[in-house]
>>> print(open('data-v4.cif').read())   # mmCIF, C-alpha atoms
data_entry
loop_
_atom_site.group_PDB
_atom_site.id
_atom_site.type_symbol
_atom_site.label_atom_id
_atom_site.label_comp_id
_atom_site.auth_asym_id
_atom_site.auth_seq_id
_atom_site.Cartn_x
_atom_site.Cartn_y
_atom_site.Cartn_z
ATOM 1 C CA MET A 1 10.296 -5.565 24.756
ATOM 2 C CA PRO A 2 11.351 -3.540 21.684
ATOM 3 C CA ILE A 3 9.491 -0.356 20.853
ATOM 4 C CA MET A 4 7.849 -0.779 17.452
ATOM 5 C CA PRO A 5 7.874 1.916 14.731
ATOM 6 C CA GLY A 6 4.510 3.530 15.426
ATOM 7 C CA GLU A 7 4.975 3.649 19.177
ATOM 8 C CA ARG A 8 8.554 4.832 18.792
ATOM 9 C CA LEU A 9 7.566 7.809 16.624
ATOM 10 C CA ALA A 10 4.654 8.710 18.879
ATOM 11 C CA ARG A 11 6.937 8.697 21.927
ATOM 12 C CA VAL A 12 9.583 10.783 20.181
ATOM 13 C CA LEU A 13 7.117 13.403 19.013
ATOM 14 C CA ASP A 14 4.722 13.461 21.939
ATOM 15 C CA GLY A 15 6.500 11.871 24.852
ATOM 16 C CA THR A 16 3.559 9.875 26.140
ATOM 17 C CA ARG A 17 0.930 9.444 23.426
ATOM 18 C CA ALA A 18 0.272 5.949 22.092
ATOM 19 C CA PRO A 19 -1.183 5.194 18.632
ATOM 20 C CA VAL A 20 -4.987 5.190 18.524
ATOM 21 C CA ALA A 21 -5.135 2.640 15.681
ATOM 22 C CA PHE A 22 -2.642 0.390 13.930
ATOM 23 C CA SER A 23 -4.236 0.941 10.512
ATOM 24 C CA THR A 24 -6.821 3.029 8.707
ATOM 25 C CA GLN A 25 -8.525 3.377 5.330
ATOM 26 C CA LEU A 26 -9.829 6.435 3.479
ATOM 27 C CA SER A 27 -12.083 6.684 0.416
ATOM 28 C CA ILE A 28 -11.463 9.399 -2.168
ATOM 29 C CA PRO A 29 -13.460 10.373 -5.290
ATOM 30 C CA ALA A 30 -11.648 9.256 -8.430
ATOM 31 C CA ARG A 31 -12.856 12.035 -10.731
ATOM 32 C CA ASP A 32 -9.599 14.058 -10.655
ATOM 33 C CA VAL A 33 -7.177 11.133 -10.343
ATOM 34 C CA ARG A 34 -5.119 10.213 -13.399
ATOM 35 C CA LEU A 35 -2.765 7.260 -13.869
ATOM 36 C CA THR A 36 -0.284 6.910 -16.732
ATOM 37 C CA VAL A 37 2.088 3.956 -17.060
ATOM 38 C CA ALA A 38 5.047 3.917 -19.463
ATOM 39 C CA GLY A 39 4.355 1.415 -22.207
ATOM 40 C CA ALA A 40 0.665 1.195 -21.287
ATOM 41 C CA GLY A 41 -0.402 4.822 -21.658
ATOM 42 C CA PRO A 42 -3.222 6.546 -19.747
ATOM 43 C CA ILE A 43 -5.312 4.160 -17.642
ATOM 44 C CA ARG A 44 -9.068 4.704 -17.355
ATOM 45 C CA PHE A 45 -11.043 3.902 -14.209
ATOM 46 C CA PRO A 46 -12.344 1.448 -13.377
ATOM 47 C CA VAL A 47 -9.365 -0.538 -14.673
ATOM 48 C CA MET A 48 -10.570 -3.144 -17.159
ATOM 49 C CA ALA A 49 -8.850 -6.355 -18.299
ATOM 50 C CA ALA A 50 -7.341 -4.913 -21.478
ATOM 51 C CA GLN A 51 -5.692 -2.048 -19.563
ATOM 52 C CA ALA A 52 -4.444 -4.381 -16.815
ATOM 53 C CA LYS A 53 -2.858 -6.614 -19.432
ATOM 54 C CA ARG A 54 -1.102 -3.608 -20.976
ATOM 55 C CA MET A 55 0.345 -2.726 -17.575
ATOM 56 C CA ILE A 56 1.437 -6.321 -16.991
ATOM 57 C CA ALA A 57 3.333 -6.201 -20.306
ATOM 58 C CA SER A 58 5.436 -3.384 -18.763
ATOM 59 C CA ALA A 59 5.865 -5.179 -15.421
ATOM 60 C CA GLN A 60 8.147 -7.741 -13.801
ATOM 61 C CA PRO A 61 7.331 -10.461 -11.255
ATOM 62 C CA ALA A 62 7.420 -8.805 -7.828
ATOM 63 C CA ARG A 63 10.205 -9.547 -5.368
ATOM 64 C CA PHE A 64 10.153 -9.318 -1.578
ATOM 65 C CA GLY A 65 12.648 -8.788 1.228
ATOM 66 C CA ARG A 66 13.692 -11.408 3.742
ATOM 67 C CA GLY A 67 16.335 -10.074 6.104
ATOM 68 C CA GLU A 68 19.121 -8.700 3.931
ATOM 69 C CA GLN A 69 17.978 -10.690 0.897
ATOM 70 C CA THR A 70 15.669 -9.733 -1.968
ATOM 71 C CA LEU A 71 13.899 -12.815 -3.283
ATOM 72 C CA MET A 72 11.432 -13.876 -5.946
ATOM 73 C CA ASP A 73 9.223 -16.814 -4.979
ATOM 74 C CA ARG A 74 5.735 -17.014 -6.460
ATOM 75 C CA SER A 75 4.620 -19.410 -3.737
ATOM 76 C CA VAL A 76 5.076 -16.472 -1.299
ATOM 77 C CA ARG A 77 4.324 -13.443 -3.454
ATOM 78 C CA ASP A 78 2.629 -13.692 -6.819
ATOM 79 C CA THR A 79 1.975 -10.309 -8.416
ATOM 80 C CA TRP A 80 3.309 -7.990 -11.113
ATOM 81 C CA GLU A 81 5.412 -4.953 -10.191
ATOM 82 C CA ILE A 82 6.058 -1.694 -12.049
ATOM 83 C CA THR A 83 8.749 0.672 -10.777
ATOM 84 C CA PRO A 84 7.875 4.289 -9.839
ATOM 85 C CA ASP A 85 9.937 5.755 -12.696
ATOM 86 C CA GLN A 86 7.363 4.219 -15.081
ATOM 87 C CA VAL A 87 4.351 5.623 -13.220
ATOM 88 C CA MET A 88 2.645 9.021 -13.078
ATOM 89 C CA LEU A 89 -0.208 9.359 -10.598
ATOM 90 C CA THR A 90 -1.808 12.793 -10.270
ATOM 91 C CA GLY A 91 -4.923 14.360 -8.783
ATOM 92 C CA LEU A 92 -4.542 13.238 -5.168
ATOM 93 C CA ASP A 93 -4.483 15.871 -2.410
ATOM 94 C CA TRP A 94 -1.503 14.457 -0.520
ATOM 95 C CA ASP A 95 -1.556 17.117 2.194
ATOM 96 C CA ALA A 96 -5.152 16.218 3.090
ATOM 97 C CA ILE A 97 -4.514 12.474 2.835
ATOM 98 C CA LEU A 98 -1.422 12.499 5.043
ATOM 99 C CA THR A 99 -3.083 14.774 7.591
ATOM 100 C CA GLU A 100 -6.033 12.391 7.901
ATOM 101 C CA VAL A 101 -3.713 9.368 8.078
ATOM 102 C CA ARG A 102 -1.707 11.089 10.810
ATOM 103 C CA ASP A 103 -4.837 11.788 12.827
ATOM 104 C CA GLU A 104 -6.353 8.320 12.322
ATOM 105 C CA LEU A 105 -3.115 6.627 13.394
ATOM 106 C CA GLY A 106 -3.034 8.724 16.544
ATOM 107 C CA LEU A 107 0.086 10.750 15.821
ATOM 108 C CA PRO A 108 0.395 14.260 17.281
ATOM 109 C CA ALA A 109 -0.576 17.264 15.177
ATOM 110 C CA ARG A 110 3.040 18.393 14.846
ATOM 111 C CA ALA A 111 4.042 15.150 13.121
ATOM 112 C CA ARG A 112 4.826 15.718 9.443
ATOM 113 C CA LEU A 113 4.335 12.675 7.259
ATOM 114 C CA ARG A 114 5.461 12.161 3.684
ATOM 115 C CA SER A 115 4.983 9.360 1.182
ATOM 116 C CA GLU A 116 7.711 7.823 -0.957
ATOM 117 C CA PRO A 117 6.602 5.797 -4.026
ATOM 118 C CA HIS A 118 7.577 2.142 -3.886
ATOM 119 C CA ALA A 119 5.790 0.150 -6.612
ATOM 120 C CA LEU A 120 2.669 -0.127 -8.741
ATOM 121 C CA LEU A 121 1.270 -3.645 -8.333
ATOM 122 C CA VAL A 122 -1.151 -5.525 -10.561
ATOM 123 C CA TYR A 123 -2.760 -8.697 -9.169
ATOM 124 C CA GLY A 124 -4.657 -10.975 -11.546
ATOM 125 C CA LYS A 125 -6.831 -13.984 -10.826
ATOM 126 C CA GLY A 126 -5.295 -16.260 -8.181
ATOM 127 C CA GLN A 127 -2.435 -13.878 -7.336
ATOM 128 C CA PHE A 128 -1.652 -13.039 -3.690
ATOM 129 C CA PHE A 129 0.966 -12.126 -1.078
ATOM 130 C CA LEU A 130 1.295 -14.327 2.013
ATOM 131 C CA PRO A 131 1.408 -12.788 5.543
ATOM 132 C CA HIS A 132 4.583 -10.780 6.070
ATOM 133 C CA GLN A 133 5.970 -7.663 7.727
ATOM 134 C CA ASP A 134 7.496 -4.872 5.646
ATOM 135 C CA SER A 135 11.146 -4.084 6.166
ATOM 136 C CA GLU A 136 11.918 -0.503 7.187
ATOM 137 C CA LYS A 137 13.575 0.858 4.056
ATOM 138 C CA ASP A 138 14.499 4.202 5.602
ATOM 139 C CA ASP A 139 15.350 5.324 9.138
ATOM 140 C CA ALA A 140 12.315 7.625 9.014
ATOM 141 C CA MET A 141 9.908 4.932 7.808
ATOM 142 C CA ILE A 142 7.004 4.281 10.166
ATOM 143 C CA GLY A 143 4.634 2.376 7.920
ATOM 144 C CA THR A 144 3.172 1.621 4.524
ATOM 145 C CA LEU A 145 0.507 3.394 2.509
ATOM 146 C CA VAL A 146 -1.457 1.501 -0.169
ATOM 147 C CA VAL A 147 -3.423 3.400 -2.815
ATOM 148 C CA SER A 148 -5.980 1.061 -4.426
ATOM 149 C CA LEU A 149 -7.154 2.330 -7.795
ATOM 150 C CA PRO A 150 -10.734 1.746 -8.967
ATOM 151 C CA SER A 151 -11.133 -1.670 -10.592
ATOM 152 C CA SER A 152 -13.862 -4.271 -10.861
ATOM 153 C CA HIS A 153 -12.573 -7.329 -9.031
ATOM 154 C CA THR A 154 -13.389 -9.731 -6.230
ATOM 155 C CA GLY A 155 -11.022 -11.038 -3.578
ATOM 156 C CA GLY A 156 -7.635 -9.396 -3.116
ATOM 157 C CA GLU A 157 -8.454 -7.944 0.304
ATOM 158 C CA LEU A 158 -5.606 -6.370 2.265
ATOM 159 C CA VAL A 159 -5.607 -7.951 5.730
ATOM 160 C CA VAL A 160 -3.638 -6.110 8.446
ATOM 161 C CA GLU A 161 -2.873 -7.752 11.802
ATOM 162 C CA HIS A 162 -1.467 -6.402 15.075
ATOM 163 C CA ASN A 163 -1.501 -7.777 18.641
ATOM 164 C CA GLY A 164 -4.084 -10.427 17.850
ATOM 165 C CA LYS A 165 -6.437 -8.057 16.028
ATOM 166 C CA SER A 166 -7.002 -7.984 12.285
ATOM 167 C CA VAL A 167 -8.933 -5.895 9.783
ATOM 168 C CA ALA A 168 -9.624 -6.580 6.099
ATOM 169 C CA TYR A 169 -9.687 -3.707 3.606
ATOM 170 C CA GLY A 170 -11.355 -4.124 0.235
ATOM 171 C CA ALA A 171 -11.024 -1.824 -2.758
ATOM 172 C CA SER A 172 -13.717 -0.091 -4.811
ATOM 173 C CA ALA A 173 -14.711 -0.087 -8.462
ATOM 174 C CA THR A 174 -15.616 3.611 -8.307
ATOM 175 C CA GLU A 175 -13.388 5.294 -5.707
ATOM 176 C CA VAL A 176 -9.727 5.460 -4.790
ATOM 177 C CA THR A 177 -9.091 3.854 -1.413
ATOM 178 C CA VAL A 178 -6.033 4.587 0.700
ATOM 179 C CA ALA A 179 -4.968 2.192 3.464
ATOM 180 C CA ALA A 180 -2.151 2.977 5.882
ATOM 181 C CA PHE A 181 -0.618 0.876 8.641
ATOM 182 C CA TYR A 182 2.381 0.848 10.947
ATOM 183 C CA ALA A 183 5.534 -1.015 9.968
ATOM 184 C CA ASP A 184 5.230 -3.491 12.835
ATOM 185 C CA CYS A 185 1.955 -4.881 11.416
ATOM 186 C CA ARG A 186 1.842 -8.203 9.640
ATOM 187 C CA HIS A 187 -0.310 -8.093 6.534
ATOM 188 C CA GLN A 188 -1.274 -10.075 3.473
ATOM 189 C CA VAL A 189 -3.136 -9.794 0.188
ATOM 190 C CA ARG A 190 -5.714 -12.527 -0.234
ATOM 191 C CA PRO A 191 -5.972 -14.220 -3.642
ATOM 192 C CA VAL A 192 -7.851 -12.294 -6.300
ATOM 193 C CA ARG A 193 -10.877 -14.295 -7.445
ATOM 194 C CA THR A 194 -11.958 -12.277 -10.493
ATOM 195 C CA GLY A 195 -10.716 -9.205 -12.324
ATOM 196 C CA TYR A 196 -7.553 -7.262 -11.478
ATOM 197 C CA ARG A 197 -6.447 -5.511 -8.275
ATOM 198 C CA VAL A 198 -4.266 -2.446 -8.987
ATOM 199 C CA THR A 199 -2.443 -0.681 -6.145
ATOM 200 C CA TYR A 200 0.337 1.850 -5.795
ATOM 201 C CA THR A 201 2.338 1.317 -2.617
ATOM 202 C CA PHE A 202 4.272 3.997 -0.749
ATOM 203 C CA ASN A 203 6.674 4.031 2.180
ATOM 204 C CA LEU A 204 5.179 6.203 4.923
ATOM 205 C CA LEU A 205 7.928 8.406 6.391
#
>>> encode(input="data-v4.cif", output="structure tokens")
Amino acid sequence: MPIMPGERLARVLDGTRAPVAFSTQLSIPARDVRLTVAGAGPIRFPVMAAQAKRMIASAQPARFGRGEQTLMDRSVRDTWEITPDQVMLTGLDWDAILTEVRDELGLPARARLRSEPHALLVYGKGQFFLPHQDSEKDDAMIGTLVVSLPSSHTGGELVVEHNGKSVAYGASATEVTVAAFYADCRHQVRPVRTGYRVTYTFNLL
């Protein structure tokens, strides 16, 4: 049986320790967090429809990886994507966030995690991402980190599955939520029913 990313890193760093959890979510006050998107300007929280539409005007339909291919198929993934060079997100205490993620995922204290920006995603009504597993984009990648920015919406839950267990993570209209999960987890974004879901995804290294 192959050793999956989370278990592999835990074994390398600790020798025997297994992950405590396959995913976790943190809630963070939004008062100091600022988001600016090229072409859309500063974004206020909670994100309202007019701001979401401005971001979408700067976005492209999101693609996804399948093996060595990069595809666009809206029957599999239907969302808008903005590249990191267009995004400035400030006000998050990354040292504290990554330390808590490390501890919640059961990694040893000497593990040093870092986050690499991947994409800002805007999901409108009816948009979704079917169950899938992220490709490891870097040899050091162990998982994915999803920063959900405050917005008034329903639906759009992030569902993470591993070894027959699943957990659904919703976002907040008032706080920043940060979900993290190992790269061997299948996950999906359920269809948004109302409003807009806005997330910034990171590779967890």
>>> resolve_selection(input="data-v4.cif", expression="the PyMOL selection byres ((chain A and resi 153) around 8)", output="PyMOL selection string")
chain A and resi 151-152+154-156+173+192-197
>>> write_last_selection(input="data-v4.cif", atoms="C-alpha atoms", output="PDB file, in the coordinates of the input")
ATOM      1  CA  SER A 151     -11.133  -1.670 -10.592  1.00  0.00           C
ATOM      2  CA  SER A 152     -13.862  -4.271 -10.861  1.00  0.00           C
ATOM      3  CA  THR A 154     -13.389  -9.731  -6.230  1.00  0.00           C
ATOM      4  CA  GLY A 155     -11.022 -11.038  -3.578  1.00  0.00           C
ATOM      5  CA  GLY A 156      -7.635  -9.396  -3.116  1.00  0.00           C
ATOM      6  CA  ALA A 173     -14.711  -0.087  -8.462  1.00  0.00           C
ATOM      7  CA  VAL A 192      -7.851 -12.294  -6.300  1.00  0.00           C
ATOM      8  CA  ARG A 193     -10.877 -14.295  -7.445  1.00  0.00           C
ATOM      9  CA  THR A 194     -11.958 -12.277 -10.493  1.00  0.00           C
ATOM     10  CA  GLY A 195     -10.716  -9.205 -12.324  1.00  0.00           C
ATOM     11  CA  TYR A 196      -7.553  -7.262 -11.478  1.00  0.00           C
ATOM     12  CA  ARG A 197      -6.447  -5.511  -8.275  1.00  0.00           C
TER      13      ARG A 197
END
>>> closest_residue(input="data-v4.cif", among="A:Ala171, A:Arg31, A:Leu107, A:Phe128", to="Asp73 in chain A", atoms="only C-alpha atoms")
A:Phe128
>>> atom_distance(input="data-v4.cif", atom1="CA of Asp85 in chain A", atom2="CA of Leu120 in chain A")
10.2 Å
>>> residues_around(input="data-v4.cif", residues="Asn203 in chain A", least_positions_apart="2", cutoff="6 Å", atoms="all atoms listed in the file", output="PyMOL selection string")
chain A and resi 115-116+144
>>> resolve_selection(input="data-v4.cif", expression="the PyMOL selection byres ((chain A and resi 86) around 12)", output="list in words")
Leu35, Thr36, Val37, Ala38, Gly39, Ala40, Gly41, Pro42, Met55, Ser58, Ala59, Glu81, Ile82, Thr83, Pro84, Asp85, Val87, Met88, Leu89, Pro117, His118, Ala119, Leu120 and Tyr200 of chain A
>>> resolve_selection(input="data-v4.cif", expression="the PyMOL selection byres ((chain A and resi 75) around 10)", output="number ranges by chain")
A: 72-74, 76-78, 127-130
